[in-house]
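*Asks:* Sharing a structure below in structure tokens format, with a few things to ask.
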Amino acid sequence: MSNHFELFGLAPKYALDAEALERAWRAVQASVHPDRYAAAGAAERRAALAWSARANEAYRMLKDPVERARHLLELAGVDPRFETDTAMPEAFLERQLELREALAEARAARDAARLAQLREEVLAAARAREAAIAERIDVARDYAGAAALVRELQFLRRLAQEIDDAHAPE
Amino acid sequence: MAYSSKVIDHYENPRNVGSFDKSDPSVGTGMVGAPACGDVMKLQIKVNAQGVIEDARFKTYGCGSAIASSSLATEWMKGKTLEEAEQIRNTQIAEELALPPVKIHCSILAEDAIKAAIADYRRKHGLAPATEAAGGGRKAA
């Protein structure tokens with residue numbers, strides 16, 4: 001399996017320095033830029049293009065808080081089972097139901113202030129998960145514990161998306 | 001995506017929407033979630049002294065297929081014993097609603113909610129748990 005961190009010469013950590021990632025990505029892109037291969041053969045140009053695509057994909061994944069965690073879990077051999085495991089902590093699901101009810105009400109009432117408040121609550125909950133995931137993976141090396149948090153983070157992200165969709169002018 | 005007429009029917013006229021008091025001893029509550037799409041499903045059963053499911057309620061936040069799957073699940077559970085109800089499989093729900101492959105996980109959510117509600121009722125009454133854990137006996141969809 002390809003290790004996206006290695007591609008950029010970065011340590012495999014969840015608490016990633018976003019600027020270091022961006023610099024490394026730009027460096028890889030510069031080294032495989034088509035202009036550098038203008039005089040090269042077709043095979044070399046194809047290889048450069050493939051590297052460029054791979055670097056973009058790796059950069060996209062490492063920048064994303066859920067995808068970065070999933071990649072680290074994958075490297076550790078842990079599957080967070082997004083599609084097949086429906087069991088989640090009851091208190092978490094209860095709160096998710098409440099938030100969705102509140103979202104439906106705010107949307108029906110076209111209450112922009114309430115929508116903004118809900119969005120802030122969901123984003124704060126997501127940030128708390130991200131901090132906890134960093135602690136579980138980078139410090140405790142508790143990948144099963146991290147997987148449970150990543151499942152919640154993904155859940156919160158979908159909810160934040162729904163709130164943003166409700167915000168969008170019709 | 002085109003929904004089947006049965007999905008649309010359950011979506012537009014969902015059966016048994018609502019909730020029971022979850023502290024009522026005759027009530028079993030199942031809460032499940034799907035991280036991939038962010039769906040939440042709460043399914044509750046009311047069981048009589050003979051061990052028959054007298055009534056069922058659900059509350060689902062998700063796509064039309066998830067709502068239809070839970071609506072159908074509550075209909076199917078009513079009048080069944082716990083043992084009969086736990087035989088309901090996601091494949092039956094998916095077939096009845098003609099769910100496309102990308103929506104099979106909605107029927108899985110409903111099957112797991114049924115099992116969770118039954119397990120909760122049994123736990124409350126100190127009954128032996130089901131022979132298989134939720135989702136344990138399911139074939140990959």
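Each chain in the structure tokens gets a letter, A, B and so on, in the order shown; residues start at 1 in every chain, and ligands are counted from 1 in the order they appear.
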Mind dumping a table of every chain B residue within 9 Å of chain A, with the nearest atom pair and its distance in Å to one decimal, using only C-alpha atoms, sorted by chain and rising number, as a Markdown table?
*Replies:*
```
| residue | atom | partner | partner_atom | distance |
| --- | --- | --- | --- | --- |
| B:Met31 | CA | A:Glu90 | CA | 6.6 |
| B:Val32 | CA | A:Thr86 | CA | 5.3 |
| B:Gly33 | CA | A:Thr86 | CA | 5.0 |
| B:Ala34 | CA | A:Thr86 | CA | 5.3 |
| B:Pro35 | CA | A:Phe155 | CA | 4.9 |
| B:Ala36 | CA | A:Phe82 | CA | 5.1 |
| B:Cys37 | CA | A:Arg158 | CA | 6.6 |
| B:Gly38 | CA | A:Phe155 | CA | 4.7 |
| B:Asp39 | CA | A:Phe155 | CA | 8.1 |
| B:Val40 | CA | A:Leu97 | CA | 6.7 |
| B:Met41 | CA | A:Leu97 | CA | 8.3 |
| B:Lys42 | CA | A:Leu97 | CA | 8.5 |
| B:Lys59 | CA | A:Leu97 | CA | 8.5 |
| B:Thr60 | CA | A:Leu97 | CA | 8.3 |
| B:Tyr61 | CA | A:Arg100 | CA | 7.1 |
| B:His105 | CA | A:Glu83 | CA | 6.9 |
| B:Ile108 | CA | A:Thr84 | CA | 7.8 |
| B:Leu109 | CA | A:Thr86 | CA | 6.4 |
| B:Asp112 | CA | A:Thr86 | CA | 7.0 |
| B:Ala113 | CA | A:Thr86 | CA | 8.5 |
| B:Ala116 | CA | A:Ala87 | CA | 8.8 |
| B:Ala134 | CA | A:Ala87 | CA | 8.4 |
| B:Gly135 | CA | A:Asp85 | CA | 7.8 |
| B:Ala140 | CA | A:Thr84 | CA | 8.3 |
```
*Asks:* Please report the interatomic distance between CA of Val47 (chain B) and CA of Ser26 (chain B) in Å with one decimal.
*Replies:* 5.3 Å
*Asks:* Return as number ranges by chain the full set of residues in region 8-126 of chain B whose backbone-based DSSP assignment is strand (DSSP E or B).
*Replies:* B: 17, 27-34, 39-47, 52-61, 81
*Asks:* List every residue of region 4-83 of chain A that DSSP, applied to the backbone of this structure, assigns to alpha helix (DSSP H), and report them as an MDAnalysis selection string.
*Replies:* chainID A and resid 4:7 18:31 42:63 65:75
*Asks:* Residues of the last selection are to be written out with N, CA and C atoms, as a compact mmCIF listing (two decimals), in the first residue's frame.
*Replies:*
```
# COMPACT_ATOMS: atom_id res chain seq x y z
N HIS A 4 1.24 7.85 1.80
CA HIS A 4 1.22 9.23 1.30
C HIS A 4 2.20 10.14 2.04
N PHE A 5 2.47 9.79 3.29
CA PHE A 5 3.40 10.62 4.07
C PHE A 5 4.81 10.49 3.49
N GLU A 6 5.18 9.25 3.15
CA GLU A 6 6.52 9.00 2.60
C GLU A 6 6.73 9.76 1.30
N LEU A 7 5.67 9.82 0.50
CA LEU A 7 5.78 10.51 -0.79
C LEU A 7 6.26 11.94 -0.59
N ALA A 18 0.29 21.81 8.38
CA ALA A 18 -0.33 22.07 7.07
C ALA A 18 0.62 22.80 6.13
N GLU A 19 1.44 23.71 6.69
CA GLU A 19 2.37 24.45 5.82
C GLU A 19 3.46 23.54 5.28
N ALA A 20 3.96 22.64 6.12
CA ALA A 20 4.99 21.69 5.67
C ALA A 20 4.43 20.79 4.57
N LEU A 21 3.18 20.38 4.73
CA LEU A 21 2.54 19.54 3.71
C LEU A 21 2.44 20.31 2.39
N GLU A 22 2.00 21.56 2.49
CA GLU A 22 1.84 22.36 1.28
C GLU A 22 3.19 22.56 0.57
N ARG A 23 4.23 22.86 1.37
CA ARG A 23 5.56 23.05 0.78
C ARG A 23 6.03 21.78 0.07
N ALA A 24 5.85 20.63 0.74
CA ALA A 24 6.31 19.36 0.18
C ALA A 24 5.54 19.04 -1.11
N TRP A 25 4.25 19.32 -1.10
CA TRP A 25 3.43 19.06 -2.28
C TRP A 25 3.90 19.94 -3.46
N ARG A 26 4.16 21.23 -3.16
CA ARG A 26 4.62 22.14 -4.22
C ARG A 26 5.97 21.68 -4.79
N ALA A 27 6.82 21.19 -3.89
CA ALA A 27 8.15 20.73 -4.34
C ALA A 27 8.01 19.53 -5.27
N VAL A 28 7.14 18.59 -4.90
CA VAL A 28 6.94 17.41 -5.76
C VAL A 28 6.35 17.85 -7.10
N GLN A 29 5.35 18.73 -7.04
CA GLN A 29 4.72 19.20 -8.28
C GLN A 29 5.73 19.90 -9.19
N ALA A 30 6.61 20.71 -8.58
CA ALA A 30 7.60 21.43 -9.38
C ALA A 30 8.54 20.45 -10.07
N SER A 31 8.89 19.38 -9.36
CA SER A 31 9.87 18.43 -9.92
C SER A 31 9.27 17.60 -11.05
N ALA A 42 8.18 10.31 -24.68
CA ALA A 42 6.78 10.14 -24.31
C ALA A 42 6.63 9.35 -23.01
N ALA A 43 7.46 8.33 -22.82
CA ALA A 43 7.34 7.49 -21.61
C ALA A 43 7.66 8.31 -20.37
N GLU A 44 8.69 9.16 -20.47
CA GLU A 44 9.06 9.99 -19.31
C GLU A 44 7.97 11.00 -19.00
N ARG A 45 7.38 11.55 -20.06
CA ARG A 45 6.31 12.54 -19.84
C ARG A 45 5.11 11.87 -19.16
N ARG A 46 4.83 10.64 -19.60
CA ARG A 46 3.71 9.92 -18.99
C ARG A 46 3.98 9.64 -17.51
N ALA A 47 5.23 9.26 -17.25
CA ALA A 47 5.59 8.96 -15.85
C ALA A 47 5.46 10.21 -14.98
N ALA A 48 5.89 11.35 -15.54
CA ALA A 48 5.80 12.60 -14.79
C ALA A 48 4.35 12.95 -14.49
N LEU A 49 3.50 12.75 -15.50
CA LEU A 49 2.08 13.03 -15.32
C LEU A 49 1.48 12.14 -14.22
N ALA A 50 1.89 10.86 -14.24
CA ALA A 50 1.37 9.91 -13.24
C ALA A 50 1.80 10.33 -11.84
N TRP A 51 3.05 10.79 -11.73
CA TRP A 51 3.53 11.25 -10.42
C TRP A 51 2.76 12.47 -9.94
N SER A 52 2.50 13.35 -10.89
CA SER A 52 1.77 14.57 -10.57
C SER A 52 0.37 14.23 -10.05
N ALA A 53 -0.29 13.30 -10.71
CA ALA A 53 -1.64 12.90 -10.30
C ALA A 53 -1.60 12.25 -8.92
N ARG A 54 -0.57 11.41 -8.71
CA ARG A 54 -0.48 10.73 -7.43
C ARG A 54 -0.24 11.73 -6.30
N ALA A 55 0.64 12.71 -6.58
CA ALA A 55 0.93 13.71 -5.56
C ALA A 55 -0.31 14.53 -5.22
N ASN A 56 -1.11 14.86 -6.24
CA ASN A 56 -2.33 15.62 -5.98
C ASN A 56 -3.31 14.83 -5.11
N GLU A 57 -3.44 13.55 -5.44
CA GLU A 57 -4.36 12.70 -4.69
C GLU A 57 -3.90 12.56 -3.24
N ALA A 58 -2.59 12.35 -3.06
CA ALA A 58 -2.04 12.21 -1.71
C ALA A 58 -2.21 13.51 -0.91
N TYR A 59 -1.99 14.62 -1.58
CA TYR A 59 -2.12 15.94 -0.93
C TYR A 59 -3.57 16.16 -0.49
N ARG A 60 -4.51 15.83 -1.39
CA ARG A 60 -5.93 15.99 -1.08
C ARG A 60 -6.31 15.15 0.14
N MET A 61 -5.83 13.93 0.18
CA MET A 61 -6.18 13.04 1.30
C MET A 61 -5.56 13.50 2.61
N LEU A 62 -4.29 13.90 2.57
CA LEU A 62 -3.62 14.28 3.81
C LEU A 62 -4.16 15.60 4.37
N LYS A 63 -4.68 16.44 3.50
CA LYS A 63 -5.23 17.71 3.96
C LYS A 63 -6.58 17.52 4.66
N PRO A 65 -9.23 16.06 7.18
CA PRO A 65 -9.11 15.46 8.53
C PRO A 65 -9.62 14.02 8.63
N VAL A 66 -10.67 13.70 7.87
CA VAL A 66 -11.19 12.32 7.92
C VAL A 66 -10.30 11.39 7.09
N GLU A 67 -9.97 11.83 5.87
CA GLU A 67 -9.15 10.98 5.00
C GLU A 67 -7.76 10.74 5.57
N ARG A 68 -7.18 11.76 6.20
CA ARG A 68 -5.85 11.60 6.81
C ARG A 68 -5.91 10.55 7.91
N ALA A 69 -6.95 10.60 8.74
CA ALA A 69 -7.10 9.61 9.80
C ALA A 69 -7.31 8.22 9.22
N ARG A 70 -8.14 8.13 8.17
CA ARG A 70 -8.39 6.82 7.55
C ARG A 70 -7.10 6.24 6.97
N HIS A 71 -6.28 7.12 6.40
CA HIS A 71 -5.01 6.65 5.82
C HIS A 71 -4.09 6.12 6.93
N LEU A 72 -4.01 6.83 8.02
CA LEU A 72 -3.16 6.37 9.14
C LEU A 72 -3.70 5.05 9.71
N LEU A 73 -5.03 4.93 9.80
CA LEU A 73 -5.61 3.68 10.30
C LEU A 73 -5.32 2.54 9.34
N GLU A 74 -5.42 2.85 8.04
CA GLU A 74 -5.15 1.83 7.02
C GLU A 74 -3.71 1.35 7.14
N LEU A 75 -2.79 2.31 7.34
CA LEU A 75 -1.37 1.93 7.49
C LEU A 75 -1.18 1.05 8.72
```
*Asks:* Quick one: everything within 8 Å of Ile163 (chain A), counting only C-alpha atoms, minus sequence neighbours fewer than 5 positions away in the same chain. Send it as a PDB file with all heavy atoms, in the first residue's frame.
*Replies:*
```
ATOM      1  N   LEU A 103     -32.182  21.244  13.237  1.00  0.00           N
ATOM      2  CA  LEU A 103     -31.880  21.704  11.881  1.00  0.00           C
ATOM      3  C   LEU A 103     -33.161  21.791  11.047  1.00  0.00           C
ATOM      4  O   LEU A 103     -33.389  22.776  10.346  1.00  0.00           O
ATOM      5  CB  LEU A 103     -30.865  20.753  11.221  1.00  0.00           C
ATOM      6  CG  LEU A 103     -30.626  20.944   9.725  1.00  0.00           C
ATOM      7  CD1 LEU A 103     -30.124  22.344   9.430  1.00  0.00           C
ATOM      8  CD2 LEU A 103     -29.621  19.911   9.203  1.00  0.00           C
ATOM      9  N   LEU A 115     -29.398  28.543  12.395  1.00  0.00           N
ATOM     10  CA  LEU A 115     -28.582  27.680  11.532  1.00  0.00           C
ATOM     11  C   LEU A 115     -27.100  27.929  11.794  1.00  0.00           C
ATOM     12  O   LEU A 115     -26.308  26.988  11.896  1.00  0.00           O
ATOM     13  CB  LEU A 115     -28.900  27.930  10.060  1.00  0.00           C
ATOM     14  CG  LEU A 115     -30.198  27.326   9.518  1.00  0.00           C
ATOM     15  CD1 LEU A 115     -30.446  27.796   8.090  1.00  0.00           C
ATOM     16  CD2 LEU A 115     -30.148  25.799   9.561  1.00  0.00           C
ATOM     17  N   LEU A 118     -26.164  26.327  15.077  1.00  0.00           N
ATOM     18  CA  LEU A 118     -26.047  24.866  14.942  1.00  0.00           C
ATOM     19  C   LEU A 118     -24.744  24.498  14.249  1.00  0.00           C
ATOM     20  O   LEU A 118     -24.038  23.568  14.642  1.00  0.00           O
ATOM     21  CB  LEU A 118     -27.227  24.311  14.147  1.00  0.00           C
ATOM     22  CG  LEU A 118     -28.570  24.271  14.872  1.00  0.00           C
ATOM     23  CD1 LEU A 118     -29.705  23.937  13.905  1.00  0.00           C
ATOM     24  CD2 LEU A 118     -28.533  23.238  16.009  1.00  0.00           C
ATOM     25  N   ARG A 119     -24.426  25.279  13.211  1.00  0.00           N
ATOM     26  CA  ARG A 119     -23.204  25.015  12.454  1.00  0.00           C
ATOM     27  C   ARG A 119     -21.985  25.146  13.369  1.00  0.00           C
ATOM     28  O   ARG A 119     -21.090  24.308  13.351  1.00  0.00           O
ATOM     29  CB  ARG A 119     -23.123  26.036  11.304  1.00  0.00           C
ATOM     30  CG  ARG A 119     -21.975  25.819  10.379  1.00  0.00           C
ATOM     31  CD  ARG A 119     -22.115  26.738   9.160  1.00  0.00           C
ATOM     32  NE  ARG A 119     -21.114  26.381   8.173  1.00  0.00           N
ATOM     33  CZ  ARG A 119     -19.862  26.824   8.213  1.00  0.00           C
ATOM     34  NH1 ARG A 119     -19.477  27.636   9.173  1.00  0.00           N
ATOM     35  NH2 ARG A 119     -18.993  26.438   7.301  1.00  0.00           N
TER      36      ARG A 119
END
```
*Asks:* Measure the distance from CA of Gln50 (chain B) to CA of Pro14 (chain B) in Å and round it to one decimal.
*Replies:*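 Distance reported for this atom pair: 27.6 Å.
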*Asks:* To one decimal place in Å, what is the distance between CA of Ile137 (chain A) and CA of Lys13 (chain A)?
*Replies:*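 Separation of CA of Ile137 (chain A) and CA of Lys13 (chain A): 7.6 Å.
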*Asks:* Which residues are near Lys124 (chain B)? Cut-off 12 Å, only C-alpha atoms, ignore same chain within fewer than 5 positions. Put them as a list in words.
*Replies:*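 Listed by chain and then number, they are Lys22, Ser23, Asp24, Pro25, Ser26, Val27, Gly28, Thr29, Val47, Ala117, Ile118, Ala119 and Pro129 of chain B.
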*Asks:* Could you name the residues that touch Asp55 (chain B) at 10 Å or less, counting only C-alpha atoms, but leaving out those on the same chain fewer than 4 positions away, as a list in words?
*Replies:* Asn16, Phe20, Val27, Gln44, Ile45, Lys46, Val47, Asn48, Thr74, Glu75, Met77, Lys78, Gly79 and Lys80 of chain B
